[in-house]
4 protein chains.
Amino acid sequence: MIGTGFMGKAHSNAFRQVGHFFDSPYELGLKVVCGRNQNKLESSAAQWGWAETATDWLAVVGRPDIDVVDVAVPNALHAPIAIAAAQAGKIVLCEKPLATSLAEAESMAKAMRAVPSLVWFNYRRIPAVVFAKRLISEGRIGQTYHYRALYLNQSGSDPSKATTWRYRRSEAGMGAAGDLLSHSIDAALYLNGPITELTAMTQTFVPGRDVDDATLLLARFANGSVGTFEATRYGVGCRNRKTFEINGSKGMLRFNLEELNQLEFLDATEPSSQQGLRNLTVTGPDHPYSTFIAALGDFLGVLARKEPLQGDLDGAVEVQRVLDAVERSATSRTWVTL
Amino acid sequence: MIGTGFMGKAHSNAFRQVGHFFDSPYELGLKVVCGRNQNKLESSAAQWGWAETATDWLAVVGRPDIDVVDVAVPNALHAPIAIAAAQAGKIVLCEKPLATSLAEAESMAKAMRAVPSLVWFNYRRIPAVVFAKRLISEGRIGQTYHYRALYLNQSGSDPSKATTWRYRRSEAGMGAAGDLLSHSIDAALYLNGPITELTAMTQTFVPGRDVDDATLLLARFANGSVGTFEATRYGVGCRNRKTFEINGSKGMLRFNLEELNQLEFLDATEPSSQQGLRNLTVTGPDHPYSTFIAALGDFLGVLARKEPLQGDLDGAVEVQRVLDAVERSATSRTWVTL
Amino acid sequence: MIGTGFMGKAHSNAFRQVGHFFDSPYELGLKVVCGRNQNKLESSAAQWGWAETATDWLAVVGRPDIDVVDVAVPNALHAPIAIAAAQAGKIVLCEKPLATSLAEAESMAKAMRAVPSLVWFNYRRIPAVVFAKRLISEGRIGQTYHYRALYLNQSGSDPSKATTWRYRRSEAGMGAAGDLLSHSIDAALYLNGPITELTAMTQTFVPGRDVDDATLLLARFANGSVGTFEATRYGVGCRNRKTFEINGSKGMLRFNLEELNQLEFLDATEPSSQQGLRNLTVTGPDHPYSTFIAALGDFLGVLARKEPLQGDLDGAVEVQRVLDAVERSATSRTWVTL
Amino acid sequence: MIGTGFMGKAHSNAFRQVGHFFDSPYELGLKVVCGRNQNKLESSAAQWGWAETATDWLAVVGRPDIDVVDVAVPNALHAPIAIAAAQAGKIVLCEKPLATSLAEAESMAKAMRAVPSLVWFNYRRIPAVVFAKRLISEGRIGQTYHYRALYLNQSGSDPSKATTWRYRRSEAGMGAAGDLLSHSIDAALYLNGPITELTAMTQTFVPGRDVDDATLLLARFANGSVGTFEATRYGVGCRNRKTFEINGSKGMLRFNLEELNQLEFLDATEPSSQQGLRNLTVTGPDHPYSTFIAALGDFLGVLARKEPLQGDLDGAVEVQRVLDAVERSATSRTWVTL
């Protein structure tokens, strides 16, 4: 595990628990946690049971007793670590967004295609999102007309968060676009297919900050639908409101991460008097495992069944391609074709 | 009353009822209803109590026994009728959008400034919207960061509606932009001030139709906030979902026309553990008068108190200016400055 | 019209407007409004268009030029006025609850059976409630297991309301039981059929007050289901929360008066993964006519079609029979069989 | 661990995970899982990491290498196992309801007072419920008027569930009253204090079944408030709807287990126009640990700090005392004083 921050903890928890929720032939041993801050390293090792700590990631990714490297560091470090790990033949797990630029992402993909890999775009593993995908595939909402997605949080106005690496271009590459919009784009590509063109704008509310506080865009999809996306760290009043809504010729779907076991569905083929958004509970509250565990469990299953593995990686590159178009559009103030 | 359609009925109801809900020194006599279809004229006269019917609007607006002319006809006829009525010295009430182009709107405004007038942008009279305006004016949400507005209905997929004049450019000028977006723009200008620039797209889902089924835009406001707008007749699953949401440095507001007595408010200056969207009931269910009645009641009050009257008219021209920019942006695929 | 209070106004509005929403062969002329307070009489006449005012109800109900008498006075006066009016051959409209005791109600019914009559239990006219009845009749929720009803308002803690006749046993007969519970019982009998036995309790939170502030009961229905009812004037936080919920072998229904155009329905015969409460919009927001208008419109229709008329009256006596059982149970602290 | 059913799994998960979420000086070793079915024992041991399996609970509770005994078996076996374990000096953890009768519960309490113990009434550990308690203690809702609680699920109409020991009096003691109502009573005693009297009814919808499918009651609390409770296995349409609502002189609280991170609060001391139920998020979605983990973590903390320990036990006896009164009232059809 390279990284001791918030995501490092979330992944550590997933490594510990995945065996309780998913059958797997693999035994995950928590070998080494690697970081720059000795206090954090020790606390992380103690809390999650990492056997060793280390400060030199290059040495760690080269160790022969390590099979898997998890990259949970600031975005700008994803590429060097993930590429080195892949070149050393390790299985590579990498936080999202994959990279800070499309070129970087493509270099990473080139190296990582040689090994099994997972990019932690885990929201698409939420059972309600998977069920939405199934309803769409079964034609239950018909031809898509509209796709709209929000990702609103208020981290920007929280003084304790607004000074981290996520607010510096040199380390994060992007602001809300990388942190938040990337999740919405990933879900949109999964649920509604490729985006063909877009126009975007970015906004920074705080003077002197060099990343976007908010990114907004309009898009056309290959399936003929149109979309709006809004991602912001200044959605005051919203803790973690990640939503999507889809209107199609036969129905409507609506999801809000804040009620992650629920999916709203309207079937427009029913008699008009009986049409209404119905609130489906997609999974019960009995097994509150996190989406990180789900992502890891899926990955280990695919690995065990020796199925092809790079879907995630290609998907993550596609997200990066959209983010790249977003940046270019926001700068040029024009539509950009993908 | 020029017009016998849906809006003609809604206005007739308002004329009949306004006296029950608002004190007014005026006695409204329902003199003449004017239209092209004799059956509809007679039915309208019978149901609402119009004393006479007529088929020649030019003759009607010239009658000396008429004080007020209400224009509730397809958009393309607003300008000739309203201008003629104003030139004849009548008080002019006009459906929204004011016109089918900015040039037309400006001509109308020039003529109508000579007389009292009302444009039926009545959603801004909803008590919950007025209360939102008050909270904003009092600084309760602080500096605005985000304004987002939806107006989604499913009229486009309703075969009984999709063949009316509203779906023909020659009569309506615009599609969803004129019908739906105009309300959202009116509310946004009222609540959040002027728009300085925007980029827009339009979409027509049905081949051969020459108006927009949906219009989407990104905008910047003079107060430094950014906005998204989406208006569509293909929001399958949504009957009449007109919403706005505002995130500001001190709080959040949310409104949905489908629950028109409610306004959601979050006060971000409270202790963090007690922050939550609270559902304010702004008016009780005891007096279910329509927003048309409210608009008319306000207008008669202003008239009686001899207050200046053209605010509405200027506001309606500003809405038309934004719609004009929307059309130009959608055509040129560029940002347009207002 | 006998009465100038809140209900007198609501009824006056209905008389004025019913013709706009319901076809009717009757022309309603607003002849006389009768009350004890001269100021209120004049204000009521001026606002609603009553031709005359009067202070002696006995004289009014005897006038040959009066066809209809509407009784909208404190409950204790319902019986003498309604009986006198019925004996004079007038059509009698009467506020709910019908009376202050079962004996009184039965006397009234005896007199009123000779004439057309309406008791203003108008919540059962709400389109969403009527639609619930239809779904039940069609077997869509199967065998009923549970019926639960709340009627919560906070009028008791509102100093401006808590000193009216509604808080005095001599004039109101009952407190929350008469005002609020009676509506819930009426809806329950309509939707779920007769109650066979019940146990009840009443509570008065304010010392010295001689009516119930809250009444709660458990009940068994003839159809084998069990029910809970709670009505209170101390439901602080709830303006006018009248709800019912029904669980049956095939589904669930839920209604809340605060969102009176909506009915929630779950169809438990669908595949489990697609079951969810769906929010049905039963009437659009276009015609915000009040339930008083609906009650009156239905009544005039029945009258015109010369259909049998006493259903309402018998229903109102049944409600009174349940209220009587509630009072006896609360006093005796035992179950009471109906 | 005595028991291999659903609760055995939930507790096993808690034993495994508590260390990740709560600091504790204790190292929990998963020694022995004990049950009657060899297949279930082996599967449970394999999935959760129990070192041994056993079939004789009496032998297990006597083993000197065991410090803690967790009783997760049908209710009728709680007493013999818990008493034996306590007499052997073990720390005793016991599923709820504590027992199948008040006498049994009191015997258990007598034995268990000698050792540290935990009864798994874990819903009172939900952060939103704890926060509700805090608001009440701080006087934020003032004098309580009404307490209403529902616990509705649809397990009774699920053929796969309706044949287990929970539907047989000999093993479960009670039906919905023990399973569901006990949780609601526990929460009510915690939040609103002692119940002084109650009247109850039970209902069994399926012929031949000897436990209650539903239990309903009215109650008076020592603090002057009145309460309604409804617990049912036939709440078709509701998966696990455990709610409470409290109306007090200064405000209102509302909770629904189905949205367990949310607490609704209305502050009636605010200006009337700004009063509204606000939706508080009491804990973020980042740490989806179960309430079983919370209960265990609290318990270990108390144990480590050598604080007095029997609160839970006494509380569980009080719940049993209320359940006993419920049964007596339902049988005698009278009010019962506690």
# chains A, B, ... in the order shown; residues from 1 in each chain; ligands from 1

call {"tool": "residues_around", "arguments": {"residues": "segment 142-155 of chain C", "least_positions_apart": "4", "cutoff": "7 Å", "atoms": "only C-alpha atoms", "output": "PyMOL selection string"}}
result
(chain C and resi 161-162+180-181+184+225-251) or (chain D and resi 234)

call {"tool": "interface_residues", "arguments": {"of": "chain A", "to": "chain C", "cutoff": "6 Å", "atoms": "only C-alpha atoms", "output": "count of residues only"}}
result
5

call {"tool": "closest_residue", "arguments": {"among": "A:Ala86, A:Ile195, A:Ala103, A:Ala177", "to": "Leu323 of chain A", "atoms": "only C-alpha atoms"}}
result
A:Ala177

call {"tool": "atom_distance", "arguments": {"atom1": "atom CA of Ile66 of chain C", "atom2": "atom CA of Ala82 of chain C"}}
result
14.0 Å

call {"tool": "select_by_dssp", "arguments": {"residues": "segment 59-213 of chain A", "states": "helix (DSSP H, G or I)", "output": "VMD selection string"}}
result
chain A and resid 59 to 62 75 to 87 102 to 112 122 to 125 127 to 137 155 to 157 165 to 167 169 to 172 176 to 192

call {"tool": "atom_distance", "arguments": {"atom1": "atom CA of Val33 of chain C", "atom2": "atom CA of Asp158 of chain C"}}
result
28.6 Å

call {"tool": "residues_around", "arguments": {"residues": "Thr196 of chain C", "least_positions_apart": "6", "cutoff": "9 Å", "atoms": "only C-alpha atoms", "output": "number ranges by chain"}}
result
C: 219-222, 336-338

call {"tool": "write_last_selection", "arguments": {"atoms": "C-alpha atoms", "output": "mmCIF file, in the first residue's frame"}}
result
data_model
loop_
_atom_site.group_PDB
_atom_site.id
_atom_site.type_symbol
_atom_site.label_atom_id
_atom_site.label_comp_id
_atom_site.auth_asym_id
_atom_site.auth_seq_id
_atom_site.Cartn_x
_atom_site.Cartn_y
_atom_site.Cartn_z
ATOM 1 C CA ALA C 219 -59.594 -0.908 16.506
ATOM 2 C CA ARG C 220 -60.683 -4.077 14.772
ATOM 3 C CA PHE C 221 -62.476 -3.854 11.442
ATOM 4 C CA ALA C 222 -65.125 -6.194 10.082
ATOM 5 C CA VAL C 336 -66.283 -1.271 23.355
ATOM 6 C CA THR C 337 -68.113 -3.294 20.739
ATOM 7 C CA LEU C 338 -69.947 -1.488 17.951
#

call {"tool": "residues_around", "arguments": {"residues": "Arg321 of chain A", "least_positions_apart": "2", "cutoff": "9 Å", "atoms": "only C-alpha atoms", "output": "mmCIF file with C-alpha atoms, in the first residue's frame"}}
result
data_model
loop_
_atom_site.group_PDB
_atom_site.id
_atom_site.type_symbol
_atom_site.label_atom_id
_atom_site.label_comp_id
_atom_site.auth_asym_id
_atom_site.auth_seq_id
_atom_site.Cartn_x
_atom_site.Cartn_y
_atom_site.Cartn_z
ATOM 1 C CA SER A 101 -3.499 14.221 -17.962
ATOM 2 C CA LEU A 102 -4.580 12.089 -20.872
ATOM 3 C CA ALA A 105 -3.113 8.028 -18.480
ATOM 4 C CA ALA A 316 -10.421 4.863 -16.691
ATOM 5 C CA VAL A 317 -8.576 6.056 -19.783
ATOM 6 C CA GLU A 318 -11.917 6.964 -21.374
ATOM 7 C CA VAL A 319 -12.825 9.010 -18.308
ATOM 8 C CA LEU A 323 -11.691 15.144 -18.560
ATOM 9 C CA ASP A 324 -9.087 16.211 -21.100
ATOM 10 C CA ALA A 325 -11.846 17.401 -23.442
ATOM 11 C CA VAL A 326 -13.465 19.234 -20.531
ATOM 12 C CA LEU A 338 -14.316 13.350 -28.731
#

call {"tool": "atom_distance", "arguments": {"atom1": "atom CA of Ala172 of chain B", "atom2": "atom CA of Ala59 of chain B"}}
result
23.9 Å

call {"tool": "residues_around", "arguments": {"residues": "Val60 of chain A", "least_positions_apart": "5", "cutoff": "8 Å", "atoms": "only C-alpha atoms", "output": "ChimeraX atom specification"}}
result
/A:32,34,54,66

call {"tool": "closest_residue", "arguments": {"among": "D:Gly224, D:Leu30, D:Arg328, D:Glu106", "to": "Val69 of chain D", "atoms": "only C-alpha atoms"}}
result
D:Leu30

call {"tool": "select_by_dssp", "arguments": {"residues": "segment 69-126 of chain D", "states": "strand (DSSP E or B)", "output": "number ranges by chain"}}
result
D: 69-71, 91-94, 117-119

call {"tool": "residues_around", "arguments": {"residues": "Gly5 of chain D", "least_positions_apart": "5", "cutoff": "12 Å", "atoms": "only C-alpha atoms", "output": "list in words"}}
result
Ala10, His11, Ser12, Val33, Cys34, Gly35, Arg36, Asn37, Asn39, Lys40, Leu41, Ser43, Ser44, Val71, Ala72, Val73, Pro74, Glu95, Thr164, Trp165 and Arg166 of chain D

call {"tool": "residues_around", "arguments": {"residues": "Asn75 of chain D", "least_positions_apart": "2", "cutoff": "6 Å", "atoms": "only C-alpha atoms", "output": "list in words"}}
result
Leu77, His78, Ala99 and Ala172 of chain D

call {"tool": "write_last_selection", "arguments": {"atoms": "N, CA, C and O atoms", "output": "PDB file, in the first residue's frame"}}
result
ATOM      1  N   LEU D  77     -33.979 -20.548  24.721  1.00  0.00           N
ATOM      2  CA  LEU D  77     -32.712 -21.076  25.235  1.00  0.00           C
ATOM      3  C   LEU D  77     -31.839 -19.997  25.875  1.00  0.00           C
ATOM      4  O   LEU D  77     -30.786 -20.305  26.440  1.00  0.00           O
ATOM      5  N   HIS D  78     -32.261 -18.726  25.790  1.00  0.00           N
ATOM      6  CA  HIS D  78     -31.440 -17.664  26.374  1.00  0.00           C
ATOM      7  C   HIS D  78     -31.191 -17.918  27.857  1.00  0.00           C
ATOM      8  O   HIS D  78     -30.047 -17.838  28.325  1.00  0.00           O
ATOM      9  N   ALA D  99     -35.599 -12.613  27.227  1.00  0.00           N
ATOM     10  CA  ALA D  99     -36.177 -13.888  27.647  1.00  0.00           C
ATOM     11  C   ALA D  99     -37.558 -14.071  27.027  1.00  0.00           C
ATOM     12  O   ALA D  99     -38.003 -13.242  26.236  1.00  0.00           O
ATOM     13  N   ALA D 172     -39.895 -19.247  20.638  1.00  0.00           N
ATOM     14  CA  ALA D 172     -39.713 -17.794  20.561  1.00  0.00           C
ATOM     15  C   ALA D 172     -40.401 -17.056  21.704  1.00  0.00           C
ATOM     16  O   ALA D 172     -40.056 -15.919  22.003  1.00  0.00           O
TER      17      ALA D 172
END
